[in-house]
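So this one's model-v3.cif, mmCIF, C-alpha atoms and all ligand atoms:
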```cif
data_final
loop_
_atom_site.group_PDB
_atom_site.id
_atom_site.type_symbol
_atom_site.label_atom_id
_atom_site.label_comp_id
_atom_site.auth_asym_id
_atom_site.auth_seq_id
_atom_site.Cartn_x
_atom_site.Cartn_y
_atom_site.Cartn_z
ATOM 1 C CA MET A 166 0.000 0.000 0.000
ATOM 2 C CA SER A 167 2.705 2.500 1.014
ATOM 3 C CA GLY A 168 4.690 1.443 -2.093
ATOM 4 C CA ASN A 169 1.682 2.255 -4.251
ATOM 5 C CA LYS A 170 1.286 5.573 -2.505
ATOM 6 C CA THR A 171 4.896 6.489 -3.244
ATOM 7 C CA VAL A 172 4.539 5.580 -6.910
ATOM 8 C CA TRP A 173 1.358 7.646 -7.113
ATOM 9 C CA GLN A 174 3.044 10.606 -5.381
ATOM 10 C CA GLU A 175 5.996 10.410 -7.745
ATOM 11 C CA GLU A 176 3.693 10.324 -10.796
ATOM 12 C CA ASN A 177 1.821 13.292 -9.434
ATOM 13 C CA LYS A 178 5.031 15.268 -8.902
ATOM 14 C CA LEU A 179 6.147 14.530 -12.454
ATOM 15 C CA GLU A 180 2.797 15.528 -13.898
ATOM 16 C CA GLN A 181 2.721 18.792 -11.914
ATOM 17 C CA SER A 182 6.209 19.712 -12.992
ATOM 18 C CA LEU A 183 5.608 18.918 -16.681
ATOM 19 C CA LYS A 184 2.342 20.834 -16.652
ATOM 20 C CA GLU A 185 4.314 24.046 -16.085
ATOM 21 C CA ILE A 186 6.362 23.524 -19.250
ATOM 22 C CA LYS A 187 4.552 24.486 -22.447
ATOM 23 C CA HIS A 188 6.817 23.011 -25.126
ATOM 24 C CA LYS A 189 9.294 20.180 -24.824
ATOM 25 C CA ILE A 190 11.822 19.695 -27.598
ATOM 26 C CA ILE A 191 14.355 16.867 -27.820
ATOM 27 C CA VAL A 192 17.524 17.256 -29.867
ATOM 28 C CA MET A 193 18.749 13.918 -31.140
ATOM 29 C CA SER A 194 20.878 12.078 -33.668
ATOM 30 C CA GLY A 195 21.831 8.503 -34.343
ATOM 31 C CA LYS A 196 25.487 9.450 -34.582
ATOM 32 C CA GLY A 197 27.828 11.196 -32.150
ATOM 33 C CA GLY A 198 29.589 14.509 -32.668
ATOM 34 C CA VAL A 199 27.211 15.959 -35.255
ATOM 35 C CA GLY A 200 26.471 19.125 -33.258
ATOM 36 C CA LYS A 201 23.423 18.261 -31.120
ATOM 37 C CA SER A 202 24.680 20.060 -28.023
ATOM 38 C CA THR A 203 25.839 23.084 -30.016
ATOM 39 C CA ILE A 204 22.441 23.356 -31.683
ATOM 40 C CA ALA A 205 20.510 22.713 -28.444
ATOM 41 C CA THR A 206 22.474 25.459 -26.654
ATOM 42 C CA ASN A 207 22.131 28.028 -29.413
ATOM 43 C CA LEU A 208 18.446 27.229 -29.860
ATOM 44 C CA ALA A 209 17.796 27.726 -26.144
ATOM 45 C CA VAL A 210 19.802 30.966 -26.004
ATOM 46 C CA SER A 211 18.127 32.320 -29.112
ATOM 47 C CA LEU A 212 14.641 31.524 -27.743
ATOM 48 C CA SER A 213 15.510 33.149 -24.413
ATOM 49 C CA LYS A 214 16.758 36.299 -26.191
ATOM 50 C CA LYS A 215 13.370 36.525 -27.893
ATOM 51 C CA GLY A 216 11.742 36.742 -24.471
ATOM 52 C CA PHE A 217 10.672 33.120 -23.971
ATOM 53 C CA LYS A 218 11.297 31.413 -20.637
ATOM 54 C CA VAL A 219 13.614 28.558 -21.502
ATOM 55 C CA GLY A 220 15.233 25.620 -19.776
ATOM 56 C CA ILE A 221 18.031 23.437 -21.117
ATOM 57 C CA LEU A 222 18.168 19.911 -19.826
ATOM 58 C CA ASP A 223 21.424 18.153 -20.545
ATOM 59 C CA ALA A 224 20.297 14.534 -20.711
ATOM 60 C CA ASP A 225 23.719 13.309 -21.814
ATOM 61 C CA ILE A 226 24.662 11.665 -18.540
ATOM 62 C CA HIS A 227 27.955 10.112 -19.629
ATOM 63 C CA GLY A 228 29.156 13.064 -21.680
ATOM 64 C CA PRO A 229 27.512 16.263 -20.434
ATOM 65 C CA SER A 230 28.752 19.144 -22.571
ATOM 66 C CA ILE A 231 26.161 21.889 -22.022
ATOM 67 C CA PRO A 232 28.009 23.370 -18.993
ATOM 68 C CA LYS A 233 31.175 23.777 -21.096
ATOM 69 C CA LEU A 234 29.256 25.218 -24.060
ATOM 70 C CA LEU A 235 27.783 27.866 -21.778
ATOM 71 C CA GLY A 236 31.045 28.519 -19.923
ATOM 72 C CA ILE A 237 29.567 27.446 -16.581
ATOM 73 C CA GLU A 238 31.405 24.175 -16.020
ATOM 74 C CA ASN A 239 32.400 25.144 -12.477
ATOM 75 C CA SER A 240 28.827 25.905 -11.367
ATOM 76 C CA LYS A 241 27.129 23.612 -8.871
ATOM 77 C CA ALA A 242 23.456 22.826 -8.474
ATOM 78 C CA TYR A 243 22.122 22.719 -4.919
ATOM 79 C CA GLU A 244 19.034 21.569 -3.097
ATOM 80 C CA LYS A 245 16.539 23.981 -1.591
ATOM 81 C CA ASN A 246 13.204 23.018 0.004
ATOM 82 C CA GLY A 247 13.378 19.536 -1.502
ATOM 83 C CA LYS A 248 13.946 20.883 -5.027
ATOM 84 C CA ILE A 249 17.131 21.051 -7.088
ATOM 85 C CA THR A 250 17.972 24.607 -8.067
ATOM 86 C CA PRO A 251 19.123 24.798 -11.708
ATOM 87 C CA ILE A 252 21.781 27.244 -12.819
ATOM 88 C CA ASN A 253 20.062 30.506 -13.736
ATOM 89 C CA ILE A 254 21.987 32.115 -16.584
ATOM 90 C CA ASN A 255 19.569 35.036 -16.585
ATOM 91 C CA GLU A 256 15.879 35.557 -15.872
ATOM 92 C CA ASN A 257 14.895 33.726 -19.069
ATOM 93 C CA LEU A 258 17.344 30.835 -19.087
ATOM 94 C CA LYS A 259 17.861 27.938 -16.671
ATOM 95 C CA VAL A 260 20.175 24.971 -17.112
ATOM 96 C CA MET A 261 20.442 21.559 -15.520
ATOM 97 C CA SER A 262 23.125 18.972 -16.147
ATOM 98 C CA ILE A 263 24.727 16.125 -14.242
ATOM 99 C CA GLY A 264 27.887 18.177 -14.773
ATOM 100 C CA PHE A 265 26.695 20.483 -11.946
ATOM 101 C CA MET A 266 26.591 17.525 -9.562
ATOM 102 C CA LEU A 267 29.978 15.948 -10.223
ATOM 103 C CA PRO A 268 32.958 16.622 -7.961
ATOM 104 C CA LYS A 269 35.199 17.435 -10.934
ATOM 105 C CA THR A 270 34.587 18.210 -14.608
ATOM 106 C CA THR A 271 36.702 15.142 -15.424
ATOM 107 C CA SER A 272 34.813 12.710 -13.135
ATOM 108 C CA PRO A 273 33.291 9.847 -15.145
ATOM 109 C CA VAL A 274 29.726 8.648 -14.599
ATOM 110 C CA ILE A 275 29.726 4.847 -14.498
ATOM 111 C CA TRP A 276 26.027 4.065 -14.237
ATOM 112 C CA ARG A 277 23.680 1.544 -15.729
ATOM 113 C CA GLY A 278 20.056 1.935 -16.857
ATOM 114 C CA PRO A 279 18.034 2.070 -13.601
ATOM 115 C CA LEU A 280 20.215 4.780 -12.028
ATOM 116 C CA LYS A 281 20.088 6.841 -15.202
ATOM 117 C CA LEU A 282 16.319 6.529 -15.356
ATOM 118 C CA LYS A 283 16.118 7.736 -11.737
ATOM 119 C CA LEU A 284 18.251 10.770 -12.505
ATOM 120 C CA ILE A 285 16.310 11.659 -15.667
ATOM 121 C CA ARG A 286 13.092 11.491 -13.639
ATOM 122 C CA GLN A 287 14.637 13.769 -10.994
ATOM 123 C CA PHE A 288 15.717 16.208 -13.694
ATOM 124 C CA LEU A 289 12.131 16.446 -14.888
ATOM 125 C CA GLN A 290 10.223 16.452 -11.628
ATOM 126 C CA ASP A 291 12.573 17.694 -8.883
ATOM 127 C CA VAL A 292 14.325 20.566 -10.652
ATOM 128 C CA GLN A 293 12.879 23.997 -9.930
ATOM 129 C CA TRP A 294 12.037 24.759 -13.563
ATOM 130 C CA ASP A 295 8.960 26.816 -12.637
ATOM 131 C CA LYS A 296 6.983 28.026 -15.621
ATOM 132 C CA LEU A 297 8.763 27.544 -18.935
ATOM 133 C CA ASP A 298 7.787 28.221 -22.527
ATOM 134 C CA TYR A 299 10.388 25.787 -23.812
ATOM 135 C CA LEU A 300 12.440 22.963 -22.368
ATOM 136 C CA VAL A 301 15.203 22.018 -24.800
ATOM 137 C CA ILE A 302 16.536 18.549 -24.054
ATOM 138 C CA ASP A 303 19.962 17.615 -25.348
ATOM 139 C CA LEU A 304 20.189 13.842 -25.773
ATOM 140 C CA PRO A 305 23.254 11.640 -26.082
ATOM 141 C CA PRO A 306 23.760 10.029 -29.498
ATOM 142 C CA GLY A 307 21.705 6.990 -30.365
ATOM 143 C CA THR A 308 18.537 5.518 -29.018
ATOM 144 C CA GLY A 309 19.621 4.282 -25.596
ATOM 145 C CA ASP A 310 18.336 4.497 -22.025
ATOM 146 C CA GLU A 311 18.238 8.288 -21.732
ATOM 147 C CA SER A 312 16.268 8.817 -24.939
ATOM 148 C CA ILE A 313 13.747 6.106 -24.102
ATOM 149 C CA SER A 314 13.338 7.399 -20.528
ATOM 150 C CA ILE A 315 12.725 10.967 -21.695
ATOM 151 C CA ALA A 316 10.141 9.867 -24.252
ATOM 152 C CA GLN A 317 8.333 7.621 -21.778
ATOM 153 C CA LEU A 318 8.367 10.069 -18.861
ATOM 154 C CA ILE A 319 7.300 13.167 -20.778
ATOM 155 C CA LYS A 320 4.718 11.317 -22.868
ATOM 156 C CA LYS A 321 3.800 14.456 -24.800
ATOM 157 C CA ILE A 322 6.940 15.789 -26.442
ATOM 158 C CA ASP A 323 6.261 18.608 -28.914
ATOM 159 C CA GLY A 324 8.842 17.343 -31.213
ATOM 160 C CA ALA A 325 12.204 15.911 -32.013
ATOM 161 C CA LEU A 326 14.854 17.901 -33.823
ATOM 162 C CA ILE A 327 17.054 15.487 -35.685
ATOM 163 C CA ILE A 328 20.602 16.557 -36.430
ATOM 164 C CA THR A 329 22.842 15.079 -39.074
ATOM 165 C CA THR A 330 25.938 15.823 -41.112
ATOM 166 C CA PRO A 331 26.080 15.277 -44.873
ATOM 167 C CA GLN A 332 28.002 12.008 -44.480
ATOM 168 C CA GLU A 333 26.305 8.836 -45.671
ATOM 169 C CA VAL A 334 26.970 7.170 -42.335
ATOM 170 C CA ALA A 335 25.218 9.992 -40.474
ATOM 171 C CA LEU A 336 22.285 9.951 -42.862
ATOM 172 C CA LEU A 337 21.827 6.233 -42.340
ATOM 173 C CA SER A 338 21.456 6.853 -38.636
ATOM 174 C CA VAL A 339 18.891 9.605 -39.361
ATOM 175 C CA GLN A 340 16.515 6.935 -40.543
ATOM 176 C CA LYS A 341 17.010 5.118 -37.249
ATOM 177 C CA SER A 342 16.239 8.301 -35.282
ATOM 178 C CA ILE A 343 13.102 8.900 -37.329
ATOM 179 C CA ASN A 344 11.916 5.342 -36.765
ATOM 180 C CA PHE A 345 12.738 5.626 -33.065
ATOM 181 C CA ALA A 346 10.658 8.802 -32.736
ATOM 182 C CA LYS A 347 7.779 7.239 -34.645
ATOM 183 C CA ARG A 348 7.891 4.088 -32.518
ATOM 184 C CA LEU A 349 7.676 6.188 -29.330
ATOM 185 C CA ASN A 350 4.980 8.461 -30.758
ATOM 186 C CA VAL A 351 7.165 11.546 -30.719
ATOM 187 C CA SER A 352 6.372 13.917 -33.561
ATOM 188 C CA ILE A 353 9.315 15.209 -35.567
ATOM 189 C CA LEU A 354 9.902 18.952 -35.941
ATOM 190 C CA GLY A 355 12.391 18.373 -38.704
ATOM 191 C CA LEU A 356 15.939 17.677 -39.726
ATOM 192 C CA ILE A 357 18.916 20.036 -39.561
ATOM 193 C CA GLU A 358 22.007 19.308 -41.634
ATOM 194 C CA ASN A 359 25.025 20.572 -39.705
ATOM 195 C CA MET A 360 28.656 20.848 -40.843
ATOM 196 C CA SER A 361 27.313 21.301 -44.323
ATOM 197 C CA GLY A 362 30.029 22.754 -46.549
ATOM 198 C CA PHE A 363 32.980 24.967 -45.703
ATOM 199 C CA ASN A 364 33.783 28.298 -47.279
ATOM 200 C CA CYS A 365 37.552 28.402 -47.787
ATOM 201 C CA PRO A 366 38.844 31.695 -46.320
ATOM 202 C CA TYR A 367 41.618 31.804 -48.996
ATOM 203 C CA CYS A 368 39.938 30.892 -52.284
ATOM 204 C CA HIS A 369 36.380 31.620 -51.029
ATOM 205 C CA LYS A 370 35.146 28.467 -52.698
ATOM 206 C CA GLU A 371 32.601 26.220 -51.023
ATOM 207 C CA ILE A 372 34.220 22.891 -50.108
ATOM 208 C CA ASN A 373 31.998 19.952 -49.201
ATOM 209 C CA ILE A 374 34.241 18.375 -46.564
ATOM 210 C CA PHE A 375 31.699 15.678 -45.708
ATOM 211 C CA GLY A 376 30.377 15.325 -49.244
ATOM 212 C CA LYS A 377 27.221 16.825 -50.663
ATOM 213 C CA GLY A 378 24.327 16.111 -48.373
ATOM 214 C CA LYS A 379 21.379 13.997 -49.322
ATOM 215 C CA SER A 380 19.420 15.164 -46.298
ATOM 216 C CA GLU A 381 16.690 16.866 -48.293
ATOM 217 C CA GLU A 382 16.169 13.708 -50.293
ATOM 218 C CA VAL A 383 15.941 11.612 -47.091
ATOM 219 C CA CYS A 384 13.446 14.109 -45.642
ATOM 220 C CA LYS A 385 11.239 13.838 -48.705
ATOM 221 C CA ARG A 386 11.398 10.071 -48.648
ATOM 222 C CA MET A 387 10.679 9.839 -44.921
ATOM 223 C CA LYS A 388 8.097 12.648 -45.047
ATOM 224 C CA ILE A 389 9.674 14.979 -42.524
ATOM 225 C CA ASP A 390 10.509 18.685 -42.806
ATOM 226 C CA PHE A 391 13.964 19.854 -43.759
ATOM 227 C CA LEU A 392 14.768 22.875 -41.572
ATOM 228 C CA GLY A 393 18.101 24.039 -42.982
ATOM 229 C CA LYS A 394 21.824 23.607 -43.487
ATOM 230 C CA ILE A 395 24.422 25.035 -41.111
ATOM 231 C CA PRO A 396 27.917 25.316 -42.593
ATOM 232 C CA ILE A 397 31.188 24.392 -40.900
ATOM 233 C CA ARG A 398 32.694 27.580 -39.540
ATOM 234 C CA CYS A 399 35.774 28.119 -37.388
ATOM 235 C CA GLU A 400 33.750 30.684 -35.409
ATOM 236 C CA ILE A 401 31.193 28.032 -34.375
ATOM 237 C CA ALA A 402 33.941 25.784 -33.008
ATOM 238 C CA LYS A 403 35.636 28.783 -31.375
ATOM 239 C CA ALA A 404 32.376 29.887 -29.736
ATOM 240 C CA SER A 405 31.925 26.402 -28.237
ATOM 241 C CA ASP A 406 35.455 26.400 -26.842
ATOM 242 C CA LYS A 407 34.963 29.894 -25.390
ATOM 243 C CA GLY A 408 31.707 28.845 -23.761
ATOM 244 C CA LYS A 409 29.766 31.590 -25.513
ATOM 245 C CA PRO A 410 26.986 30.477 -27.895
ATOM 246 C CA PHE A 411 27.562 31.704 -31.458
ATOM 247 C CA VAL A 412 24.163 33.419 -31.684
ATOM 248 C CA LEU A 413 25.492 35.955 -29.159
ATOM 249 C CA ASP A 414 28.959 36.835 -30.425
ATOM 250 C CA TYR A 415 28.503 36.190 -34.132
ATOM 251 C CA LYS A 416 24.973 37.304 -34.718
ATOM 252 C CA GLU A 417 25.825 39.200 -37.909
ATOM 253 C CA PHE A 418 27.455 36.175 -39.540
ATOM 254 C CA ASP A 419 25.769 34.136 -42.294
ATOM 255 C CA PHE A 420 25.544 30.983 -40.174
ATOM 256 C CA SER A 421 23.780 32.834 -37.330
ATOM 257 C CA LYS A 422 21.247 34.205 -39.804
ATOM 258 C CA ILE A 423 20.654 30.700 -41.176
ATOM 259 C CA PHE A 424 20.300 29.476 -37.625
ATOM 260 C CA GLU A 425 17.834 32.228 -36.667
ATOM 261 C CA ASN A 426 15.746 31.240 -39.653
ATOM 262 C CA ILE A 427 15.630 27.667 -38.340
ATOM 263 C CA VAL A 428 14.668 28.943 -34.879
ATOM 264 C CA GLU A 429 11.766 30.897 -36.385
ATOM 265 C CA LYS A 430 10.526 27.737 -38.117
ATOM 266 C CA ILE A 431 10.717 25.852 -34.806
ATOM 267 C CA ILE A 432 8.751 28.596 -33.022
ATOM 268 C CA GLN A 433 6.064 28.565 -35.702
ATOM 269 C CA LYS A 434 5.780 24.792 -35.643
ATOM 270 C CA THR A 435 5.587 24.519 -31.857
ATOM 271 C CA GLN A 436 3.162 27.422 -31.437
ATOM 272 C CA ILE A 437 0.589 25.737 -33.623
ATOM 273 C CA MET A 438 0.965 22.343 -31.955
HETATM 274 N N1 LIG B 1 28.809 23.914 -37.815
HETATM 275 C C1 LIG B 1 29.893 23.716 -37.120
HETATM 276 N N2 LIG B 1 31.086 24.259 -37.495
HETATM 277 C C2 LIG B 1 32.216 24.057 -36.789
HETATM 278 N N3 LIG B 1 32.263 23.317 -35.656
HETATM 279 C C3 LIG B 1 31.116 22.763 -35.227
HETATM 280 C C4 LIG B 1 29.876 22.940 -35.912
HETATM 281 N N4 LIG B 1 28.902 22.277 -35.220
HETATM 282 C C5 LIG B 1 29.503 21.721 -34.161
HETATM 283 N N5 LIG B 1 30.828 22.010 -34.161
HETATM 284 C C6 LIG B 1 31.841 21.543 -33.205
HETATM 285 O O1 LIG B 1 31.852 20.121 -33.255
HETATM 286 C C7 LIG B 1 32.064 19.581 -31.966
HETATM 287 C C8 LIG B 1 30.954 18.590 -31.641
HETATM 288 O O2 LIG B 1 29.755 19.299 -31.452
HETATM 289 P P1 LIG B 1 28.710 18.894 -30.340
HETATM 290 O O3 LIG B 1 29.369 18.610 -29.041
HETATM 291 O O4 LIG B 1 27.641 19.920 -30.361
HETATM 292 O O5 LIG B 1 28.173 17.522 -30.971
HETATM 293 P P2 LIG B 1 27.211 16.435 -30.318
HETATM 294 O O6 LIG B 1 26.418 15.862 -31.432
HETATM 295 O O7 LIG B 1 26.479 17.017 -29.181
HETATM 296 O O8 LIG B 1 28.260 15.368 -29.773
HETATM 297 P P3 LIG B 1 27.933 14.104 -28.816
HETATM 298 O O9 LIG B 1 27.323 13.085 -29.699
HETATM 299 O O10 LIG B 1 29.293 13.717 -28.321
HETATM 300 O O11 LIG B 1 27.013 14.568 -27.749
HETATM 301 C C9 LIG B 1 32.139 20.751 -31.012
HETATM 302 O O12 LIG B 1 33.470 21.026 -30.748
HETATM 303 C C10 LIG B 1 31.490 21.896 -31.775
HETATM 304 O O13 LIG B 1 32.051 23.133 -31.450
HETATM 305 MG MG MG B 2 26.324 16.350 -27.189
#
```
Will you turn the file into structure tokens for me?
Ligand SMILES: Nc1ncnc2c1ncn2[C@@H]1O[C@H](COP(=O)(O)OP(=O)(O)OP(=O)(O)O)[C@@H](O)[C@H]1O
Ligand SMILES: [Mg+2]
Amino acid sequence: MSGNKTVWQEENKLEQSLKEIKHKIIVMSGKGGVGKSTIATNLAVSLSKKGFKVGILDADIHGPSIPKLLGIENSKAYEKNGKITPININENLKVMSIGFMLPKTTSPVIWRGPLKLKLIRQFLQDVQWDKLDYLVIDLPPGTGDESISIAQLIKKIDGALIITTPQEVALLSVQKSINFAKRLNVSILGLIENMSGFNCPYCHKEINIFGKGKSEEVCKRMKIDFLGKIPIRCEIAKASDKGKPFVLDYKEFDFSKIFENIVEKIIQKTQIM
């Protein structure tokens, strides 16, 4: 009986917490290193600059990179009145990551499924998110424990943003991500092709380092929206290393304008959902 009561209380807490968050977006890819965390961070910052209340949940438990991308890797989360206080970047932007709970930035997390599920649940129900317009959830690559837990706990996710690079191997995994989302009843906001072409600073020619993308073709075939192509730029990599999202320091650059265009599409799509 008391066990049942605890389960019921936990479900209630989760429901109450999720009720305060209008739109939940997951950022995913079948392949690692394609720019999920970079895109999740810049999306969240851009939305917050437009006046939305935004939270970023770093659901990459083994490789949290959001703290580094925001230059807050030495921040620590703490508990207050039974709730975990996220890091408040400003009045519109809150962040939670396991990185804020580790003794050192280099400490590994050696956990299996059940512990990860418990932490993901805590991130959703015990973090003081308050009222949010958007919760942007950065997932680890693939379709493992964290992704399944998020989809099952949230139940109603507004949409998945699928990130790829133009490489064949990345595009193959896109199809897996799409099928994963469909299987878990998560609607798909669209696909973003990242690291798409490089403009040589010397000859000014466009070089397709990872080949010419077939993303648009895959989108057509799989009936999902293509949201845009973000080029490879030294400034994007530099911004990540500096811990300052590129939409802040490089807002006049072509890639930021392309990115803002994608953000507008995401806003439009989520507002009508
Ligand atoms: N368009 C781009 N141009 C240049 N560098 C980029 C671009 N997009 C991402 N990067 C860089 O590529 C690296 C990997 O990006 P990121 O960490 O966002 O990928 P990820 O998909 O989250 O990786 P993981 O699968 O490990 O979580 C970072 O150093 C980032 O700065
Ligand atoms: Mg990442």
(Q) At a cut-off of 10 Å, using only C-alpha atoms, what residues contact Tyr243 (chain A)? Leave out same-chain residues fewer than 5 positions from it and give the result as JSON, numbers by chain. (A) {"A": [248, 249, 250, 251, 252, 265, 266, 292]}
Q. Care to translate the PyMOL selection byres (((chain A and resi 363) around 9) and not hetatm) into actual residues of this file, as a PyMOL selection string?
A. chain A and resi 360-362+364-366+370-374+396-398
Q. How would you write, as number ranges by chain, the set of residues no farther than 9 Å from ligand MG 2 (chain B) when counting only C-alpha atoms and all ligand atoms?
A. A: 193, 197-203, 205, 223, 225, 228-231, 303-306
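Note that CA of Ser213 (chain A) and CA of Lys347 (chain A) are 28.9 Å apart.
Residues in contact range of Val383 (chain A), defined as at most 10 Å between only C-alpha atoms, with sequence neighbours fewer than 5 positions away removed, read A:Leu336, A:Leu337, A:Val339, A:Gln340, A:Leu356, A:Gly378, A:Lys388, A:Ile389, A:Asp390, A:Phe391.
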Q: Quick one: apply the PyMOL selection byres (((chain A and resi 227) around 12) and not hetatm) to the file and drop the selected residues here as a PyMOL selection string.
A: chain A and resi 223-226+228-230+262-264+267+270-278+281+304-306+309-311
Find the smallest box with edges along x, y and z containing every listed atom of region 413-430 of chain A, then add 3 Å on each side and report centre and edge lengths in Å to one decimal, as AutoDock Vina command-line options.
```
--center_x 19.7 --center_y 33.4 --center_z -35.7 --size_x 24.4 --size_y 17.5 --size_z 19.1
```
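Taking atom P2 of ligand LIG 1 (chain B) and CA of Ala325 (chain A) as the two end points, the separation is 15.1 Å.
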Q: With the file shown as input, list the residues that the PyMOL selection byres (((chain A and resi 221) around 7) and not hetatm) selects, as number ranges by chain.
A: A: 209, 219-220, 222-223, 259-261, 300-302
Q: Mind listing whatever residues come within 12 Å of the point (11.8, 25.6, -35.7)? Use only C-alpha atoms, file coordinates, and give them as JSON, numbers by chain.
A: {"A": [188, 190, 192, 204, 205, 208, 209, 211, 212, 299, 301, 323, 324, 325, 326, 327, 353, 354, 355, 356, 357, 390, 391, 392, 393, 423, 424, 425, 426, 427, 428, 429, 430, 431, 432, 433, 434, 435, 436, 437, 438]}
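Shortest separation to Asp291 (chain A) among A:Lys178, A:Lys341, A:Lys241, A:Lys233 occurs at residue A:Lys178, atoms counted being all atoms listed in the file.
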Q. In Å to one decimal, how far is CA of Lys377 (chain A) from CA of Gly195 (chain A)?
A. 19.1 Å
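Of the residues listed (A:Glu185, A:Thr330, A:Asn255, A:Leu280), A:Glu185 shows the shortest atom-to-atom separation from Gln293 (chain A); distances use only C-alpha atoms.
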